[in-house]
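Listing of run.cif, mmCIF, C-alpha atoms
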data_structure
loop_
_atom_site.label_atom_id
_atom_site.label_comp_id
_atom_site.auth_asym_id
_atom_site.auth_seq_id
_atom_site.Cartn_x
_atom_site.Cartn_y
_atom_site.Cartn_z
CA MET A 1 12.92 26.25 84.82
CA THR A 2 10.28 28.85 85.52
CA ILE A 3 11.20 29.08 89.18
CA PHE A 4 14.87 29.48 88.35
CA ARG A 5 14.11 32.38 86.08
CA LYS A 6 11.98 34.03 88.70
CA VAL A 7 14.70 33.78 91.34
CA GLN A 8 17.28 35.35 89.08
CA GLY A 9 14.64 37.78 87.90
CA PRO A 10 15.03 40.79 85.65
CA GLY A 11 15.18 43.12 88.67
CA PHE A 12 18.89 43.00 89.30
CA TRP A 13 20.00 44.23 85.90
CA ASP A 14 17.17 46.72 85.73
CA PHE A 15 18.31 48.11 89.04
CA LEU A 16 21.88 48.57 87.79
CA GLU A 17 20.65 50.33 84.69
CA PHE A 18 18.35 52.52 86.72
CA ASN A 19 21.17 53.42 89.08
CA ARG A 20 23.43 54.35 86.20
CA MET A 21 20.74 56.58 84.72
CA ARG A 22 20.08 58.22 88.05
CA ASN A 23 23.78 59.01 88.52
CA GLN A 24 23.87 60.48 85.04
CA MET A 25 20.86 62.68 85.78
CA ASP A 26 22.39 63.84 89.07
CA LYS A 27 25.56 64.80 87.25
CA LEU A 28 23.70 66.73 84.55
CA TRP A 29 21.59 68.50 87.12
CA LYS A 30 24.63 69.52 89.18
CA ALA A 31 26.44 70.77 86.06
CA ALA A 32 23.42 72.79 84.91
CA VAL A 33 22.63 74.31 88.30
CA GLY A 34 26.30 75.02 89.03
CA LYS A 35 26.65 76.95 85.79
CA VAL A 36 23.52 79.02 86.36
CA GLU A 37 24.66 80.06 89.81
CA ARG A 38 28.03 81.07 88.49
CA PHE A 39 26.63 83.19 85.69
CA LYS A 40 24.38 84.96 88.14
CA ASP A 41 27.49 85.76 90.11
CA GLY A 42 29.03 87.62 87.16
CA TYR A 43 31.11 84.69 85.92
CA ALA A 44 33.04 86.03 82.94
CA GLY A 45 34.74 82.86 81.70
CA VAL A 46 37.99 84.73 81.18
CA PHE A 47 41.43 83.54 82.25
CA PRO A 48 42.38 83.75 85.01
CA LEU A 49 39.32 82.87 87.06
CA ILE A 50 39.06 85.16 90.05
CA ASN A 51 37.60 84.99 93.53
CA ILE A 52 36.87 88.25 95.34
CA HIS A 53 36.32 88.58 99.07
CA GLU A 54 35.54 91.63 101.14
CA THR A 55 36.12 92.50 104.80
CA ASP A 56 35.49 95.78 106.57
CA ASP A 57 39.00 96.95 105.69
CA ASN A 58 40.11 95.03 102.60
CA ILE A 59 39.11 93.64 99.25
CA THR A 60 41.01 90.45 98.43
CA LEU A 61 41.35 88.98 94.94
CA THR A 62 42.75 85.53 94.36
CA ALA A 63 43.56 83.75 91.12
CA GLU A 64 45.23 80.47 90.28
CA LEU A 65 48.23 80.93 88.01
CA PRO A 66 50.23 77.69 88.13
CA GLY A 67 53.54 77.97 86.31
CA VAL A 68 53.40 81.75 85.91
CA LYS A 69 56.52 83.56 87.08
CA VAL A 70 56.51 86.88 88.92
CA GLU A 71 58.50 88.56 86.16
CA ASP A 72 55.81 87.60 83.63
CA LEU A 73 53.01 89.28 85.58
CA GLU A 74 51.89 92.88 85.50
CA LEU A 75 49.37 94.36 87.86
CA SER A 76 48.00 97.88 87.69
CA ILE A 77 45.18 99.85 89.24
CA LYS A 78 43.51 102.85 87.70
CA SER A 79 40.71 104.45 89.70
CA ASP A 80 38.29 101.56 90.28
CA THR A 81 39.72 99.13 87.73
CA LEU A 82 42.36 96.52 88.38
CA SER A 83 44.24 95.03 85.43
CA LEU A 84 46.11 91.75 85.59
CA LYS A 85 48.24 91.03 82.57
CA GLY A 86 50.75 88.32 81.94
CA GLU A 87 52.00 85.33 80.13
CA LYS A 88 51.98 81.70 81.03
CA LYS A 89 55.14 80.46 79.34
CA VAL A 90 56.07 76.93 78.45
CA ASP A 91 59.17 75.64 80.18
CA GLU A 92 61.83 74.37 77.88
CA ARG A 93 61.13 70.92 76.53
CA PRO A 94 63.35 68.65 74.52
CA ALA A 95 62.89 68.97 70.78
CA GLU A 96 62.44 65.24 70.33
CA ALA A 97 59.77 65.03 73.07
CA ASN A 98 56.94 62.68 72.25
CA PHE A 99 53.72 63.79 73.97
CA PHE A 100 51.21 61.43 75.53
CA ARG A 101 49.06 64.12 77.13
CA GLN A 102 48.85 67.85 76.55
CA GLU A 103 46.23 69.32 78.84
CA ARG A 104 48.06 72.38 80.15
CA ILE A 105 47.25 75.63 78.37
CA PHE A 106 49.84 78.33 77.74
CA GLY A 107 49.70 81.85 76.35
CA SER A 108 49.19 85.46 77.30
CA PHE A 109 46.26 86.82 79.22
CA ARG A 110 44.72 90.07 80.33
CA ARG A 111 41.84 90.67 82.63
CA SER A 112 40.34 93.89 83.98
CA ILE A 113 38.11 93.88 87.00
CA THR A 114 35.92 96.67 88.28
CA LEU A 115 36.44 96.80 92.01
CA PRO A 116 33.37 96.71 94.23
CA ALA A 117 34.59 99.56 96.46
CA LYS A 118 37.01 102.49 96.41
CA ILE A 119 40.48 101.40 97.44
CA ASP A 120 43.75 103.05 98.36
CA PRO A 121 46.07 102.03 95.49
CA ASP A 122 49.23 103.08 97.38
CA LYS A 123 48.58 100.44 100.02
CA ALA A 124 47.77 97.64 97.59
CA GLU A 125 49.81 94.45 98.03
CA ALA A 126 50.17 91.34 95.93
CA LYS A 127 52.04 88.11 96.42
CA LEU A 128 52.49 85.05 94.26
CA LYS A 129 52.97 81.77 96.11
CA ASN A 130 52.56 78.16 94.99
CA GLY A 131 50.94 79.33 91.78
CA ILE A 132 48.30 81.49 93.48
CA ILE A 133 48.23 85.26 93.40
CA ILE A 134 46.67 87.03 96.35
CA ILE A 135 45.98 90.73 95.89
CA THR A 136 45.08 92.67 99.02
CA LEU A 137 43.50 96.06 98.44
CA PRO A 138 42.86 98.20 101.53
CA LYS A 139 39.67 100.19 101.17
CA ALA A 140 39.85 103.96 100.92
CA ALA A 141 38.79 105.76 104.09
CA GLU A 142 35.60 106.99 102.45
CA ALA A 143 34.60 103.47 101.42
CA LYS A 144 34.77 102.08 104.92
CA ALA A 145 31.64 101.83 106.97
CA HIS A 146 31.54 104.38 109.73
CA GLN A 147 29.72 103.76 112.92
CA VAL A 148 27.32 106.59 113.62
CA SER A 149 26.37 107.01 117.22
CA ILE A 150 22.74 107.67 117.89
CA LYS A 151 21.84 110.00 120.69
CA SER A 152 18.65 109.59 122.56
CA GLU A 153 16.97 112.75 123.58
CA MET B 1 30.19 94.27 87.86
CA ALA B 2 31.21 95.55 84.44
CA GLU B 3 34.12 93.78 82.84
CA THR B 4 36.25 94.62 79.87
CA ASP B 5 38.28 91.61 78.97
CA ASP B 6 40.62 90.70 76.19
CA LYS B 7 40.55 87.03 75.57
CA HIS B 8 43.88 85.36 75.04
CA ILE B 9 44.14 81.97 76.71
CA SER B 10 40.88 80.24 77.27
CA VAL B 11 39.66 79.33 80.71
CA GLN B 12 40.28 75.82 81.88
CA GLU B 13 37.54 74.79 84.28
CA LYS B 14 38.63 72.61 87.16
CA ASN B 15 37.67 69.01 86.63
CA PRO B 16 36.13 67.52 89.79
CA VAL B 17 36.92 63.95 90.75
CA ASP B 18 33.72 61.92 90.82
CA LEU B 19 33.86 59.94 94.04
CA GLY B 20 30.23 58.92 93.91
CA SER B 21 27.68 59.86 96.53
CA THR B 22 28.88 57.41 99.17
CA GLU B 23 32.59 58.21 99.28
CA THR B 24 34.20 61.41 100.46
CA ILE B 25 37.83 61.99 101.31
CA SER B 26 37.33 65.19 103.21
CA GLY B 27 34.97 68.11 103.28
CA SER B 28 36.70 69.92 100.43
CA PRO B 29 36.25 69.04 96.74
CA THR B 30 38.92 67.12 94.84
CA PHE B 31 40.03 67.90 91.28
CA TYR B 32 41.95 66.17 88.50
CA PRO B 33 44.93 68.41 87.76
CA PRO B 34 45.59 69.18 84.07
CA ILE B 35 48.75 67.39 83.01
CA ASP B 36 51.34 67.17 80.27
CA ILE B 37 53.27 63.93 79.79
CA TRP B 38 56.10 63.51 77.39
CA GLU B 39 58.82 61.05 76.68
CA ASP B 40 62.33 61.57 75.44
CA GLU B 41 65.09 59.05 75.02
CA LYS B 42 66.05 59.17 78.71
CA GLY B 43 62.66 59.03 80.40
CA LEU B 44 59.17 60.33 81.00
CA THR B 45 58.23 63.71 82.42
CA ILE B 46 54.85 64.44 84.00
CA GLU B 47 53.83 68.02 84.75
CA ALA B 48 50.67 68.56 86.80
CA GLU B 49 49.13 71.90 87.72
CA VAL B 50 48.43 71.86 91.45
CA PRO B 51 48.07 75.53 92.47
CA GLY B 52 48.03 75.99 96.23
CA ALA B 53 49.67 72.66 97.02
CA GLU B 54 52.90 73.02 98.94
CA GLY B 55 55.82 70.64 99.04
CA ASN B 56 54.76 68.66 102.11
CA GLY B 57 51.14 68.51 100.99
CA VAL B 58 52.07 66.79 97.76
CA SER B 59 52.63 63.05 97.66
CA VAL B 60 53.68 60.85 94.79
CA ASP B 61 53.28 57.13 95.44
CA LEU B 62 54.20 54.19 93.30
CA LYS B 63 52.68 50.84 94.14
CA ASP B 64 52.17 47.88 91.83
CA LYS B 65 52.98 50.05 88.80
CA ILE B 66 50.28 52.58 89.76
CA LEU B 67 51.55 56.10 90.26
CA THR B 68 49.27 58.19 92.46
CA ILE B 69 49.51 61.96 92.79
CA VAL B 70 47.81 63.67 95.71
CA GLY B 71 48.00 67.40 96.38
CA LYS B 72 46.53 68.67 99.62
CA VAL B 73 45.48 72.29 99.50
CA THR B 74 44.75 74.21 102.66
CA PRO B 75 41.89 76.57 101.91
CA PRO B 76 42.70 80.16 102.85
CA GLU B 77 41.34 81.36 106.14
CA GLU B 78 37.96 82.95 105.65
CA PRO B 79 38.95 86.33 104.25
CA GLY B 80 35.48 87.80 104.59
CA LYS B 81 32.33 88.03 102.54
CA VAL B 82 32.28 86.44 99.09
CA ILE B 83 31.82 89.00 96.33
CA LYS B 84 32.67 86.76 93.42
CA GLU B 85 33.55 83.09 93.29
CA GLU B 86 34.64 81.75 89.92
CA PHE B 87 36.71 78.81 91.09
CA GLU B 88 36.63 76.37 93.96
CA VAL B 89 39.59 75.54 96.15
CA GLY B 90 40.26 71.86 96.77
CA ASP B 91 42.70 68.99 96.69
CA PHE B 92 44.18 67.29 93.64
CA TYR B 93 44.26 63.62 92.77
CA ARG B 94 45.29 61.57 89.75
CA GLN B 95 46.53 58.08 88.96
CA PHE B 96 48.60 56.59 86.14
CA THR B 97 49.83 53.17 85.23
CA VAL B 98 53.58 53.14 84.80
CA SER B 99 55.44 50.76 82.53
CA ASP B 100 57.89 48.13 83.72
CA LEU B 101 60.63 49.90 81.82
CA ILE B 102 60.83 52.71 84.37
CA ASP B 103 63.72 52.77 86.81
CA GLN B 104 61.54 53.06 89.90
CA GLU B 105 64.43 53.97 92.18
CA GLY B 106 65.35 56.92 90.01
CA ILE B 107 61.98 58.73 90.07
CA THR B 108 62.20 62.35 91.22
CA ALA B 109 59.47 64.89 91.96
CA LYS B 110 59.44 68.61 92.76
CA VAL B 111 56.84 71.34 93.12
CA LYS B 112 57.49 74.85 91.89
CA ASP B 113 55.09 77.73 91.29
CA GLY B 114 52.14 75.39 91.72
CA VAL B 115 53.39 72.88 89.16
CA LEU B 116 54.41 69.35 90.13
CA VAL B 117 57.12 67.90 87.91
CA ILE B 118 57.79 64.16 88.10
CA TYR B 119 60.66 62.59 86.21
CA LEU B 120 60.63 58.86 85.54
CA PRO B 121 63.92 57.66 84.05
CA LYS B 122 63.92 54.66 81.78
CA GLN B 123 65.80 51.59 82.85
CA ALA B 124 69.23 51.19 81.34
CA PRO B 125 69.01 48.64 78.56
CA ALA B 126 70.21 45.24 79.63
CA GLU B 127 73.86 44.70 78.81
CA PRO B 128 74.32 42.13 76.12
CA ARG B 129 75.74 39.13 77.82
CA LYS B 130 77.88 36.53 76.21
CA ILE B 131 77.34 33.13 77.52
CA ASN B 132 80.16 30.76 77.16
CA VAL B 133 79.23 27.42 75.87
CA VAL B 134 81.36 24.75 77.33
CA SER B 135 81.89 21.73 75.28
CA GLU B 136 82.44 18.59 77.11
#

Encoding of this model in structure tokens:
Amino acid sequence: MTIFRKVQGPGFWDFLEFNRMRNQMDKLWKAAVGKVERFKDGYAGVFPLINIHETDDNITLTAELPGVKVEDLELSIKSDTLSLKGEKKVDERPAEANFFRQERIFGSFRRSITLPAKIDPDKAEAKLKNGIIIITLPKAAEAKAHQVSIKSE
Amino acid sequence: MAETDDKHISVQEKNPVDLGSTETISGSPTFYPPIDIWEDEKGLTIEAEVPGAEGNGVSVDLKDKILTIVGKVTPPEEPGKVIKEEFEVGDFYRQFTVSDLIDQEGITAKVKDGVLVIYLPKQAPAEPRKINVVSE
């Protein structure tokens, strides 16, 4: 009897439990660290979430707006502030619909973003495709980096 | 960066699919799309938010009553230096168990404005059948 118990041992179940705990800890750690990094980055927690990229010539803003129609979006630029306003409307649903899941969120939104460089608002472009808006803002001439040649004497 | 924001709808963080440390589908992250499911007398409708997924990158599979939604999203070409990154770009994945009462041949799916809409019609109720009893 004793030998049998030893062979089966407590180790196996302990190992499972340990593994489960370790996974849990990993998850918590990732969540905590992820959040911190985002807040450092100026994460505002306002809809819609925005990514901003910069090249030598352009500033590009992208946001995910699934289900938002072009006619329900308004984009404006005033000096160094870009405003994105709109409404995510619910498509028509039958009155007698019986819901099993309701995870999508609808409503109006407005977000203003201070741009990281001076841009030329006349050349700004925006397109909405597959529920993603891409706003391309060419930098103003004075905001672009100019190469300065150095003379040796 | 200073921000002045009016809060209307709240932010919905993307929900990453936990594949464990040993499994990876591809290099990019995978998310559970937020969904609405409702039923009316004719059938079930599933709406899933899959921004960035195009028609041919979206697949809807039904096998052994399990409906699987996969949305492949091609990340944009590196548009330069990151100034702000509030969301991650990745694929979408979600599974459901579908009832026997669905007319599997009649399922339709379309993607529009980053929303996948799947319609699952209910089977027509069985016609009442009269069975003649023959007396011998």

Give me the residues near segment 7-12 of chain B as a ChimeraX atom specification, where near means some atom within 8 Å (using all atoms listed in the file) and where sequence neighbours in that chain fewer than 6 positions away do not count. /A:45-49,105-110

Quick one, how far is atom CA of Gly52 of chain B from atom CA of Ile134 of chain A? 11.1 Å

Given the PyMOL selection byres ((chain A and resi 70-80) around 10), the residues it picks as a ChimeraX atom specification: /A:65,67-69,81-89,108-122,124,126-129,131,133,135 /B:113

What is the distance between atom CA of Leu61 of chain A and atom CA of Pro79 of chain B, in Å to one decimal?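 Computing the Euclidean distance for atom CA of Leu61 of chain A and atom CA of Pro79 of chain B yields 10.0 Å.
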
Dump as a short mmCIF file (atom, residue, chain, number, x, y, z; two decimals) with C-alpha atoms, in the coordinates of the input all residues having an atom at most 9 Å from (29.7, 88.5, 98.7), computed in the file's coordinates with all atoms listed in the file.
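This is the output file point03.cif:
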data_model
loop_
_atom_site.label_atom_id
_atom_site.label_comp_id
_atom_site.auth_asym_id
_atom_site.auth_seq_id
_atom_site.Cartn_x
_atom_site.Cartn_y
_atom_site.Cartn_z
CA ILE A 52 36.87 88.25 95.34
CA HIS A 53 36.32 88.58 99.07
CA GLU A 54 35.54 91.63 101.14
CA GLY B 80 35.48 87.80 104.59
CA LYS B 81 32.33 88.03 102.54
CA VAL B 82 32.28 86.44 99.09
CA ILE B 83 31.82 89.00 96.33
CA LYS B 84 32.67 86.76 93.42
CA GLU B 85 33.55 83.09 93.29
#

With the file shown as input, list the residues that the PyMOL selection byres ((chain B) within 10 of (chain A)) selects, as a VMD selection string. chain B and resid 1 to 13 18 20 to 21 33 to 41 43 to 55 78 to 89 111 to 116

For atom CA of Val117 of chain B and atom CA of Pro16 of chain B, the interatomic separation in Å (one decimal):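 Distance reported for this atom pair: 21.1 Å.
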
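Compared by their closest atoms to Lys122 of chain B, and using all atoms listed in the file, the residues B:Asn15, B:Asn56, B:Glu77, B:Lys42 rank with B:Lys42 nearest.
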
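If you measure from each of B:Ile69, B:Val133, B:Val58, B:Val17 to Gln95 of chain B using only C-alpha atoms, the closest one turns out to be B:Ile69.
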